[in-house]
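Visitor: The following file, model00.txt, comprises compact mmCIF, C-alpha atoms:
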```txt
# COMPACT_ATOMS: atom_id res chain seq x y z
CA MET A 1 0.00 0.00 0.00
CA CYS A 2 1.30 3.47 -0.85
CA ASP A 3 4.60 2.26 -2.28
CA ASN A 4 5.59 5.79 -3.27
CA TYR A 5 6.17 6.79 0.30
CA VAL A 6 9.55 6.89 1.83
CA MET A 7 9.60 5.77 5.38
CA ARG A 8 10.97 8.53 7.53
CA SER A 9 12.86 7.49 10.53
CA THR A 10 14.99 9.42 12.91
CA GLN A 11 17.03 7.52 15.34
CA HIS A 12 18.53 9.47 18.16
CA VAL A 13 21.27 7.50 19.75
CA VAL A 14 22.72 8.96 22.88
CA GLU A 15 25.67 7.17 24.30
CA GLU A 16 25.56 7.43 28.03
CA LYS A 17 28.81 7.09 29.83
CA THR A 18 28.47 4.67 32.69
CA SER A 19 30.95 4.75 35.50
CA PRO A 20 32.56 1.46 36.63
CA GLU A 21 30.76 1.86 39.99
CA GLU A 22 27.38 2.09 38.23
CA MET A 23 28.22 -0.92 36.08
CA GLY A 24 28.98 -2.82 39.29
CA HIS A 25 25.35 -2.56 40.48
CA TYR A 26 23.79 -5.95 40.88
CA SER A 27 20.24 -6.46 39.69
CA ASP A 28 18.49 -9.76 40.16
CA PRO A 29 15.22 -8.65 41.84
CA PRO A 30 14.20 -11.99 43.44
CA LEU A 31 17.68 -12.55 44.87
CA LEU A 32 17.84 -8.94 46.10
CA VAL A 33 14.47 -9.32 47.86
CA LEU A 34 15.59 -12.56 49.51
CA ALA A 35 18.86 -10.94 50.61
CA SER A 36 16.98 -7.94 51.98
CA LEU A 37 14.67 -10.15 54.04
CA ALA A 38 17.56 -12.24 55.36
CA ASN A 39 18.09 -9.85 58.29
CA GLY A 40 14.43 -9.50 59.27
CA PRO A 41 10.92 -8.91 57.94
CA LYS A 42 10.27 -5.79 55.88
CA HIS A 43 7.51 -4.14 53.88
CA GLY A 44 7.84 -2.72 50.36
CA HIS A 45 9.26 0.70 51.28
CA LEU A 46 11.92 -0.69 53.59
CA MET A 47 12.88 -3.33 51.03
CA ILE A 48 13.46 -0.71 48.32
CA GLU A 49 15.65 1.38 50.64
CA ASP A 50 17.52 -1.66 51.98
CA ILE A 51 18.16 -3.09 48.51
CA GLU A 52 19.52 0.26 47.36
CA ARG A 53 21.95 0.28 50.29
CA LEU A 54 22.86 -3.36 49.72
CA SER A 55 23.42 -3.38 45.97
CA GLY A 56 23.21 0.18 44.66
CA THR A 57 20.10 -0.74 42.66
CA ARG A 58 16.81 1.03 43.32
CA LEU A 59 14.01 -1.32 42.30
CA GLY A 60 10.85 0.18 40.81
CA PRO A 61 7.57 -0.67 42.59
CA GLY A 62 6.45 -2.86 39.67
CA THR A 63 9.70 -4.82 39.62
CA LEU A 64 9.62 -5.24 43.41
CA TYR A 65 6.08 -6.60 43.46
CA GLY A 66 6.79 -8.81 40.44
CA ALA A 67 9.58 -10.41 42.47
CA ILE A 68 7.52 -10.57 45.69
CA GLY A 69 4.64 -12.30 43.88
CA ARG A 70 6.86 -14.96 42.37
CA LEU A 71 8.85 -15.54 45.54
CA GLU A 72 5.65 -15.94 47.53
CA GLN A 73 4.28 -18.32 44.92
CA GLN A 74 7.42 -20.46 45.27
CA GLY A 75 7.11 -20.41 49.04
CA TRP A 76 10.42 -18.63 49.57
CA ILE A 77 8.85 -15.66 51.38
CA GLU A 78 5.59 -15.31 53.32
CA PRO A 79 3.42 -12.41 54.45
CA LEU A 80 3.11 -11.40 58.11
CA PRO A 81 0.01 -9.72 59.57
CA ALA A 82 -0.56 -6.39 57.79
CA GLU A 83 0.27 -3.06 59.46
CA LYS A 84 -2.59 -0.88 58.18
CA ARG A 85 -2.07 -0.96 54.39
CA ARG A 86 1.57 -2.02 54.61
CA GLN A 87 2.30 -5.69 54.29
CA PRO A 88 5.54 -6.99 55.80
CA TYR A 89 7.13 -10.17 54.46
CA ARG A 90 9.63 -12.59 55.90
CA ILE A 91 11.89 -15.16 54.33
CA THR A 92 10.99 -18.84 54.87
CA ALA A 93 13.39 -21.67 55.73
CA GLU A 94 13.22 -22.82 52.11
CA GLY A 95 13.95 -19.24 50.99
CA LEU A 96 17.01 -19.14 53.25
CA ARG A 97 18.29 -22.38 51.72
CA VAL A 98 17.80 -21.00 48.20
CA LEU A 99 19.49 -17.70 49.12
CA ARG A 100 22.45 -19.50 50.67
CA ALA A 101 22.85 -21.74 47.61
CA LYS A 102 22.65 -18.80 45.18
CA LEU A 103 25.06 -16.65 47.16
CA THR A 104 27.53 -19.53 47.45
CA THR A 105 27.48 -19.95 43.67
CA LEU A 106 27.93 -16.21 43.22
CA GLU A 107 30.80 -16.18 45.72
CA ARG A 108 32.55 -19.00 43.90
CA PHE A 109 32.03 -17.23 40.58
CA ALA A 110 33.24 -13.89 41.98
CA LYS A 111 36.35 -15.48 43.51
CA SER A 112 37.28 -17.19 40.23
CA GLY A 113 36.66 -14.01 38.26
CA LEU A 114 38.71 -11.84 40.62
CA LYS A 115 41.54 -14.39 40.60
CA ARG A 116 41.68 -14.10 36.83
CA LEU A 117 41.82 -10.32 37.14
CA GLU A 118 44.80 -10.58 39.47
CA VAL A 119 46.81 -12.13 36.64
CA LEU A 120 46.25 -9.08 34.41
CA MET B 121 2.44 10.13 43.93
CA ASN B 122 -1.07 11.40 43.48
CA PRO B 123 -3.53 8.88 45.06
CA ASN B 124 -5.81 9.00 41.99
CA LEU B 125 -2.89 8.19 39.70
CA ALA B 126 -1.78 5.40 42.05
CA TRP B 127 -5.32 3.98 41.97
CA LEU B 128 -5.40 4.21 38.18
CA LEU B 129 -2.00 2.55 37.77
CA THR B 130 -3.02 -0.31 40.05
CA ARG B 131 -5.99 -0.95 37.72
CA LEU B 132 -3.47 -1.92 35.02
CA TYR B 133 -2.83 -5.14 36.92
CA PRO B 134 -5.13 -8.17 36.58
CA ARG B 135 -7.93 -8.53 39.10
CA PRO B 136 -6.52 -11.59 40.99
CA TRP B 137 -3.22 -9.72 41.39
CA ARG B 138 -5.03 -6.60 42.65
CA GLU B 139 -7.05 -8.62 45.12
CA ARG B 140 -3.84 -9.98 46.63
CA TYR B 141 -1.36 -7.08 46.33
CA GLY B 142 -3.50 -4.09 45.28
CA ALA B 143 -3.85 -2.32 48.64
CA GLU B 144 -0.20 -2.53 49.67
CA PHE B 145 0.98 -1.70 46.14
CA GLU B 146 -1.26 1.35 45.98
CA GLU B 147 0.06 2.48 49.36
CA LEU B 148 3.64 2.03 48.12
CA LEU B 149 2.89 4.15 45.05
CA GLU B 150 1.10 6.86 47.04
CA THR B 151 3.90 7.33 49.54
CA GLY B 152 6.80 6.80 47.13
CA HIS B 153 8.39 9.07 44.57
CA GLY B 154 6.64 9.72 41.27
CA GLY B 155 8.41 10.41 38.01
CA VAL B 156 8.47 9.04 34.50
CA ARG B 157 10.79 6.15 35.37
CA ILE B 158 8.49 4.90 38.13
CA LEU B 159 5.48 5.36 35.86
CA ALA B 160 7.13 3.36 33.05
CA ASN B 161 8.18 0.66 35.51
CA VAL B 162 4.63 0.27 36.88
CA VAL B 163 2.99 0.29 33.42
CA TRP B 164 5.48 -2.24 32.03
CA SER B 165 5.13 -4.53 35.06
CA GLY B 166 1.34 -4.29 34.84
CA LEU B 167 1.40 -5.41 31.21
CA ARG B 168 3.81 -8.24 32.05
CA GLU B 169 1.53 -9.33 34.87
CA ARG B 170 -1.38 -9.46 32.41
CA ILE B 171 0.54 -11.50 29.85
CA PHE B 172 2.45 -13.71 32.28
CA PRO B 173 0.22 -13.82 35.37
CA ILE B 174 1.43 -15.39 38.60
CA GLN B 175 -0.04 -18.86 38.41
CA GLY B 176 -0.82 -19.21 42.10
CA LEU B 177 -3.14 -16.21 41.98
CA THR B 178 -5.30 -17.52 39.17
CA PRO B 179 -7.39 -20.62 38.70
CA ASP B 180 -5.42 -23.52 37.19
CA HIS B 181 -6.71 -22.89 33.70
CA ALA B 182 -5.73 -19.18 33.69
CA THR B 183 -7.44 -15.86 34.13
CA GLY B 184 -10.53 -14.85 32.24
CA SER B 185 -14.02 -16.20 32.41
CA VAL B 186 -14.68 -19.87 32.91
CA ALA B 187 -17.10 -19.84 29.99
CA PHE B 188 -14.43 -18.52 27.62
CA HIS B 189 -11.93 -21.08 28.82
CA SER B 190 -14.47 -23.84 28.42
CA PHE B 191 -15.19 -22.65 24.87
CA CYS B 192 -11.45 -22.56 24.10
CA MET B 193 -11.17 -26.18 25.19
CA ARG B 194 -14.25 -27.34 23.29
CA ALA B 195 -13.69 -25.47 20.04
CA PRO B 196 -10.05 -24.35 19.79
CA TRP B 197 -10.33 -24.23 15.99
CA VAL B 198 -12.86 -21.39 16.32
CA ILE B 199 -10.68 -19.33 18.66
CA PHE B 200 -7.35 -19.95 16.94
CA SER B 201 -8.32 -20.38 13.28
CA VAL B 202 -11.71 -18.93 12.37
CA ALA B 203 -11.69 -15.91 14.71
CA PRO B 204 -8.19 -14.71 13.68
CA VAL B 205 -9.16 -14.92 10.00
CA PHE B 206 -12.24 -12.79 10.64
CA LEU B 207 -10.28 -10.43 12.86
CA LEU B 208 -7.64 -9.95 10.16
CA ALA B 209 -10.32 -9.54 7.52
CA GLY B 210 -11.84 -6.79 9.70
CA GLY B 211 -8.42 -5.17 10.04
CA TYR B 212 -7.91 -5.23 6.27
CA PHE B 213 -11.37 -3.75 5.77
CA VAL B 214 -10.44 -0.84 8.05
CA ALA B 215 -7.11 -0.44 6.18
CA CYS B 216 -8.96 -0.30 2.84
CA LEU B 217 -11.38 2.23 4.31
CA ILE B 218 -8.48 4.39 5.48
CA LEU B 219 -6.92 4.19 2.02
CA TRP B 220 -10.18 4.95 0.23
CA ALA B 221 -11.00 7.92 2.51
CA GLY B 222 -7.48 9.27 2.07
CA TRP B 223 -7.80 8.91 -1.68
CA LYS B 224 -11.08 10.87 -1.67
CA ILE B 225 -9.85 13.57 0.71
CA PHE B 226 -6.20 14.12 -0.24
CA LEU B 227 -6.02 12.90 -3.85
CA PRO B 228 -9.41 13.73 -5.39
CA GLY B 229 -8.11 13.87 -8.96
CA ALA B 230 -5.68 10.95 -8.90
CA ASP B 231 -6.48 7.71 -10.70
CA SER B 232 -4.98 5.68 -7.91
CA PRO B 233 -4.05 6.35 -4.28
CA PHE B 234 -0.69 4.67 -4.90
CA GLY B 235 0.82 7.05 -7.44
CA GLY B 236 -0.44 10.47 -6.48
CA GLY B 237 2.92 12.23 -6.28
CA PRO B 238 4.57 13.66 -3.18
CA ARG B 239 2.46 14.15 -0.11
CA HIS B 240 3.44 16.16 2.93
CA GLY B 241 2.28 16.97 6.40
CA PHE B 242 -0.95 15.46 7.61
CA ALA B 243 -1.67 13.61 4.34
CA ASN B 244 1.66 11.85 4.58
CA LEU B 245 1.05 11.00 8.23
CA TYR B 246 -2.41 9.70 7.39
CA PHE B 247 -1.22 7.40 4.59
CA GLN B 248 1.76 6.24 6.66
CA PHE B 249 -0.64 5.28 9.46
CA GLY B 250 -2.79 3.35 6.98
CA LYS B 251 0.24 1.63 5.51
CA HIS B 252 1.57 0.57 8.90
CA PHE B 253 -1.87 -0.51 10.06
CA TYR B 254 -2.17 -2.69 6.95
CA GLY B 255 1.34 -4.12 7.37
CA GLY B 256 1.04 -4.60 11.12
CA ALA B 257 -2.47 -6.12 11.19
CA PRO B 258 -1.35 -9.78 10.78
CA ILE B 259 1.31 -9.32 13.44
CA LEU B 260 -1.17 -7.74 15.86
CA VAL B 261 -3.63 -10.58 15.24
CA GLY B 262 -0.76 -13.01 15.88
CA TRP B 263 -0.07 -11.33 19.21
CA VAL B 264 -3.73 -11.63 20.17
CA ILE B 265 -3.51 -15.37 19.39
CA ALA B 266 -0.34 -15.59 21.50
CA ILE B 267 -1.93 -13.86 24.49
CA ILE B 268 -5.06 -16.03 24.37
CA ALA B 269 -2.98 -19.21 23.94
CA ALA B 270 -0.74 -18.26 26.88
CA ARG B 271 -3.60 -17.33 29.17
CA GLN B 272 -5.71 -20.35 28.27
CA ARG B 273 -2.74 -22.76 28.27
CA ALA B 274 -3.81 -24.02 24.85
CA LYS B 275 -2.03 -26.86 23.08
CA ALA B 276 0.67 -25.53 20.74
CA VAL B 277 -0.90 -26.98 17.60
CA TRP B 278 -3.87 -24.55 17.66
CA PRO B 279 -2.04 -21.24 18.05
CA LEU B 280 0.50 -22.44 15.45
CA THR B 281 -2.35 -23.05 13.02
CA GLY B 282 -3.55 -19.51 13.65
CA PHE B 283 -0.06 -18.04 13.20
CA ILE B 284 0.40 -19.82 9.88
CA LEU B 285 -3.02 -18.71 8.67
CA VAL B 286 -2.47 -15.03 9.43
CA ALA B 287 1.08 -15.15 8.01
CA TRP B 288 -0.27 -16.68 4.81
CA MET B 289 -3.04 -14.07 4.60
CA GLY B 290 -0.58 -11.26 5.27
CA ALA B 291 1.85 -12.46 2.60
CA THR B 292 -0.69 -13.14 -0.12
CA ALA B 293 -2.99 -10.13 0.38
CA ARG B 294 -2.94 -7.48 -2.30
CA ILE B 295 -4.88 -4.26 -2.76
CA GLU B 296 -5.90 -2.87 -6.12
CA ALA B 297 -7.48 0.52 -6.69
CA SER B 298 -9.20 1.88 -9.77
CA ARG B 299 -11.38 4.85 -10.60
CA THR B 300 -12.68 3.43 -13.87
CA VAL B 301 -14.52 0.41 -12.48
CA VAL B 302 -17.23 2.49 -10.80
CA PRO B 303 -19.11 5.17 -12.76
CA ARG B 304 -18.76 8.88 -11.90
CA GLY B 305 -15.20 8.38 -10.68
CA PHE B 306 -16.27 7.29 -7.23
CA GLY B 307 -13.19 5.11 -6.85
CA HIS B 308 -13.03 1.41 -6.22
CA ILE B 309 -10.67 -0.48 -3.93
CA HIS B 310 -10.46 -4.20 -4.29
CA MET B 311 -8.64 -6.63 -2.08
CA GLY B 312 -7.67 -10.15 -3.02
CA PHE B 313 -5.40 -13.00 -2.03
CA VAL B 314 -2.96 -14.66 -4.40
CA LEU B 315 -3.08 -18.33 -3.62
CA TRP B 316 -0.02 -19.46 -5.56
CA PRO B 317 2.71 -18.56 -6.38
CA LEU B 318 3.46 -16.56 -3.26
CA ASP B 319 4.70 -13.62 -5.21
CA ARG B 320 3.63 -10.07 -4.48
CA ASN B 321 4.79 -6.99 -6.35
CA GLY B 322 8.05 -8.69 -7.26
CA HIS B 323 8.91 -9.46 -3.65
CA ASP B 324 9.39 -12.95 -2.47
CA GLY B 325 6.08 -13.69 -0.79
CA LEU B 326 7.45 -16.68 1.05
CA VAL B 327 10.04 -14.51 2.78
CA HIS B 328 7.28 -12.03 3.61
CA ALA B 329 5.19 -14.84 5.10
CA LEU B 330 8.15 -16.03 7.17
CA VAL B 331 8.83 -12.51 8.46
CA ILE B 332 5.19 -12.11 9.54
CA LEU B 333 5.21 -15.58 11.08
CA SER B 334 8.41 -14.86 13.03
CA LEU B 335 7.14 -11.54 14.40
CA ALA B 336 3.67 -12.91 15.19
CA VAL B 337 4.94 -16.03 16.91
CA LEU B 338 7.67 -14.26 18.96
CA PRO B 339 5.62 -13.43 22.11
CA TYR B 340 4.26 -16.98 22.13
CA LEU B 341 7.77 -18.46 21.90
CA VAL B 342 8.94 -16.18 24.72
CA TRP B 343 6.05 -17.41 26.86
CA ARG B 344 6.80 -21.07 26.05
CA PHE B 345 10.46 -20.53 26.85
CA ARG B 346 9.63 -18.85 30.15
CA SER B 347 7.15 -21.58 31.09
CA THR B 348 9.69 -24.31 30.34
CA ARG B 349 12.41 -22.50 32.28
CA THR B 350 10.11 -22.01 35.29
CA MET B 351 9.19 -25.68 35.17
CA PHE B 352 12.81 -26.83 35.25
CA SER B 353 14.20 -24.23 37.67
```
Starting from the file, lay out its structure as structure tokens.

Guide:
Amino acid sequence: MCDNYVMRSTQHVVEEKTSPEEMGHYSDPPLLVLASLANGPKHGHLMIEDIERLSGTRLGPGTLYGAIGRLEQQGWIEPLPAEKRRQPYRITAEGLRVLRAKLTTLERFAKSGLKRLEVL
Amino acid sequence: MNPNLAWLLTRLYPRPWRERYGAEFEELLETGHGGVRILANVVWSGLRERIFPIQGLTPDHATGSVAFHSFCMRAPWVIFSVAPVFLLAGGYFVACLILWAGWKIFLPGADSPFGGGPRHGFANLYFQFGKHFYGGAPILVGWVIAIIAARQRAKAVWPLTGFILVAWMGATARIEASRTVVPRGFGHIHMGFVLWPLDRNGHDGLVHALVILSLAVLPYLVWRFRSTRTMFS
């Protein structure tokens, strides 16, 4: 249809410079939520603040609740009685096992990677 | 964030999700920072939640009405074969209507809407919209098939039938326009489908069909991949 038209397209590519510190931010929402709950129950607000302190990543509300929903479905976190409209969550024993296993893998990976960097 | 906006954004999520997390999520939005990034995050997550709902929050068969699910199970050929064909036919009808109206409004003296010389401004925008609507219709119908198949957990054979049908229709469709067919220069737009060979305006129709098929089937493949990964993780 309308073959005589030339498709006009403008692509605006802006290359953002990212500092090495920013590139070092870790973002795996379910793991971050589990890690945040490892030192006690928290509700959404506290989790966002705690995760930012822990990893440098500020999760959006949608991402946070996407992770909470899936973690609760898997039985790795559970809700506590609500405080007005705020709902605190705590990590379950199964969640702790999963968190420990994932962090151990990450630790092993990080150690191997850093050892390789030492050679350079 | 404004409470009304927070309420509105929460409505983007499916009902079972809202029943479980709606109140606390709305509170989090109301008391948290606003901004475009947060807005985009909430809208995107809401759409994801609609396409890939948390299974524990929905009945086993998926969200949506029981009657619709039951119908999908009893007559999948209607939902995944007949309905997409009619939906695409409706889309093509609208595309032809857009083309015909544009021809009447912007090119009243031209013999055909395809060769009317350079067009600028709103006319160009109008015809570009029509062109993209026409080109994108089979892909959009494919995405509708993908969403229904994912939500209703349909067997792969039925959505695949639908994808192939819309890809075939998209690749073989052709529009012809003439002012001489109808008296008084009213203008006539005709749409047809070339059954074989799959050749359209010198382009390789088979490649066109494969491109449509790939784009239409993509969300469904992503869903299948995610389901399989969740199952094995």

Visitor: Let me make sure I understand: among A:Asn39, A:Ile91, A:Gly62, A:Leu46, which one has the smallest atom-to-atom distance to chain B if we use all atoms listed in the file?

Guide: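 Answer, going by the shortest atom-to-atom distance: A:Gly62.
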
Visitor: Give me, as a tab-separated table, the closest atom pair and its distance (Å, one decimal) for every residue of chain B within a cut-off of 9 Å of chain A, counting all atoms listed in the file, rows sorted by chain and rising number.

Guide:
```
residue	atom	partner	partner_atom	distance
B:Trp137	CA	A:Gly69	CA	8.6
B:Tyr141	CA	A:Tyr65	CA	8.0
B:Ala143	CA	A:Arg85	CA	6.2
B:Glu144	CA	A:Arg86	CA	5.3
B:Phe145	CA	A:Pro61	CA	7.6
B:Glu146	CA	A:Arg85	CA	8.8
B:Glu147	CA	A:Arg85	CA	6.5
B:Leu148	CA	A:His45	CA	6.6
B:Leu149	CA	A:Pro61	CA	7.2
B:Thr151	CA	A:His45	CA	8.7
B:Gly152	CA	A:His45	CA	7.8
B:Arg157	CA	A:Gly60	CA	8.1
B:Ile158	CA	A:Gly60	CA	5.9
B:Leu159	CA	A:Gly60	CA	9.0
B:Asn161	CA	A:Gly62	CA	5.7
B:Val162	CA	A:Gly62	CA	4.6
B:Val163	CA	A:Gly62	CA	7.8
B:Trp164	CA	A:Gly62	CA	7.7
B:Ser165	CA	A:Gly62	CA	5.1
B:Gly166	CA	A:Gly62	CA	7.2
B:Arg168	CA	A:Gly66	CA	8.9
B:Glu169	CA	A:Gly66	CA	7.7
B:Ile174	CA	A:Arg70	CA	6.6
B:Gln175	CA	A:Gln73	CA	7.8
B:Gly176	CA	A:Gln73	CA	5.9
B:Leu177	CA	A:Gln73	CA	8.3
B:Leu219	CA	A:Met1	CA	8.3
B:Pro233	CA	A:Cys2	CA	7.0
B:Phe234	CA	A:Cys2	CA	4.7
B:Gly235	CA	A:Asn4	CA	6.5
B:Gly236	CA	A:Asn4	CA	8.3
B:Gly237	CA	A:Asn4	CA	7.6
B:Pro238	CA	A:Tyr5	CA	7.9
B:Arg239	CA	A:Tyr5	CA	8.3
B:Asn244	CA	A:Tyr5	CA	8.0
B:Phe247	CA	A:Cys2	CA	7.2
B:Gln248	CA	A:Tyr5	CA	7.8
B:Gly250	CA	A:Met1	CA	8.2
B:Lys251	CA	A:Met1	CA	5.8
B:Tyr254	CA	A:Met1	CA	7.8
B:Gly255	CA	A:Met1	CA	8.5
B:Arg294	CA	A:Met1	CA	8.4
B:Ile295	CA	A:Met1	CA	7.0
B:Glu296	CA	A:Met1	CA	9.0
```

Visitor: Would you compute the distance between atom CA of B:Val264 and atom CA of B:Val337? Give it in Å to one decimal.

Guide: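 According to the coordinates, atom CA of B:Val264 and atom CA of B:Val337 are separated by 10.3 Å.
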
Visitor: Take atom CA of B:Ala243 and atom CA of B:Val214 and report the distance between them in Å, one decimal.

Guide: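 Rounded to one decimal, the two atoms are 17.3 Å apart.
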
Visitor: Quick one: pull the distance between atom CA of B:Gly210 and atom CA of B:Pro258, Å, one decimal.

Guide: 11.0 Å

Visitor: Using all atoms listed in the file, which of the listed residues (A:Ala38, A:Leu31, A:Leu117, A:Met47) sits closest to A:Leu71?

Guide: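 Closest candidate: A:Leu31.
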
Visitor: I'd like to know which of B:Gly290, B:Gly312, B:Gly142, B:Gly256 is closest to B:Leu330, using all atoms listed in the file.

Guide: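 Comparing B:Gly290, B:Gly312, B:Gly142, B:Gly256 against B:Leu330, the winner is B:Gly290.
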
Visitor: Write out as a count of residues only each polymer residue whose atoms come within 12 Å of B:Asn124, counting only C-alpha atoms; drop sequence neighbours fewer than 2 positions from it.

Guide: 12
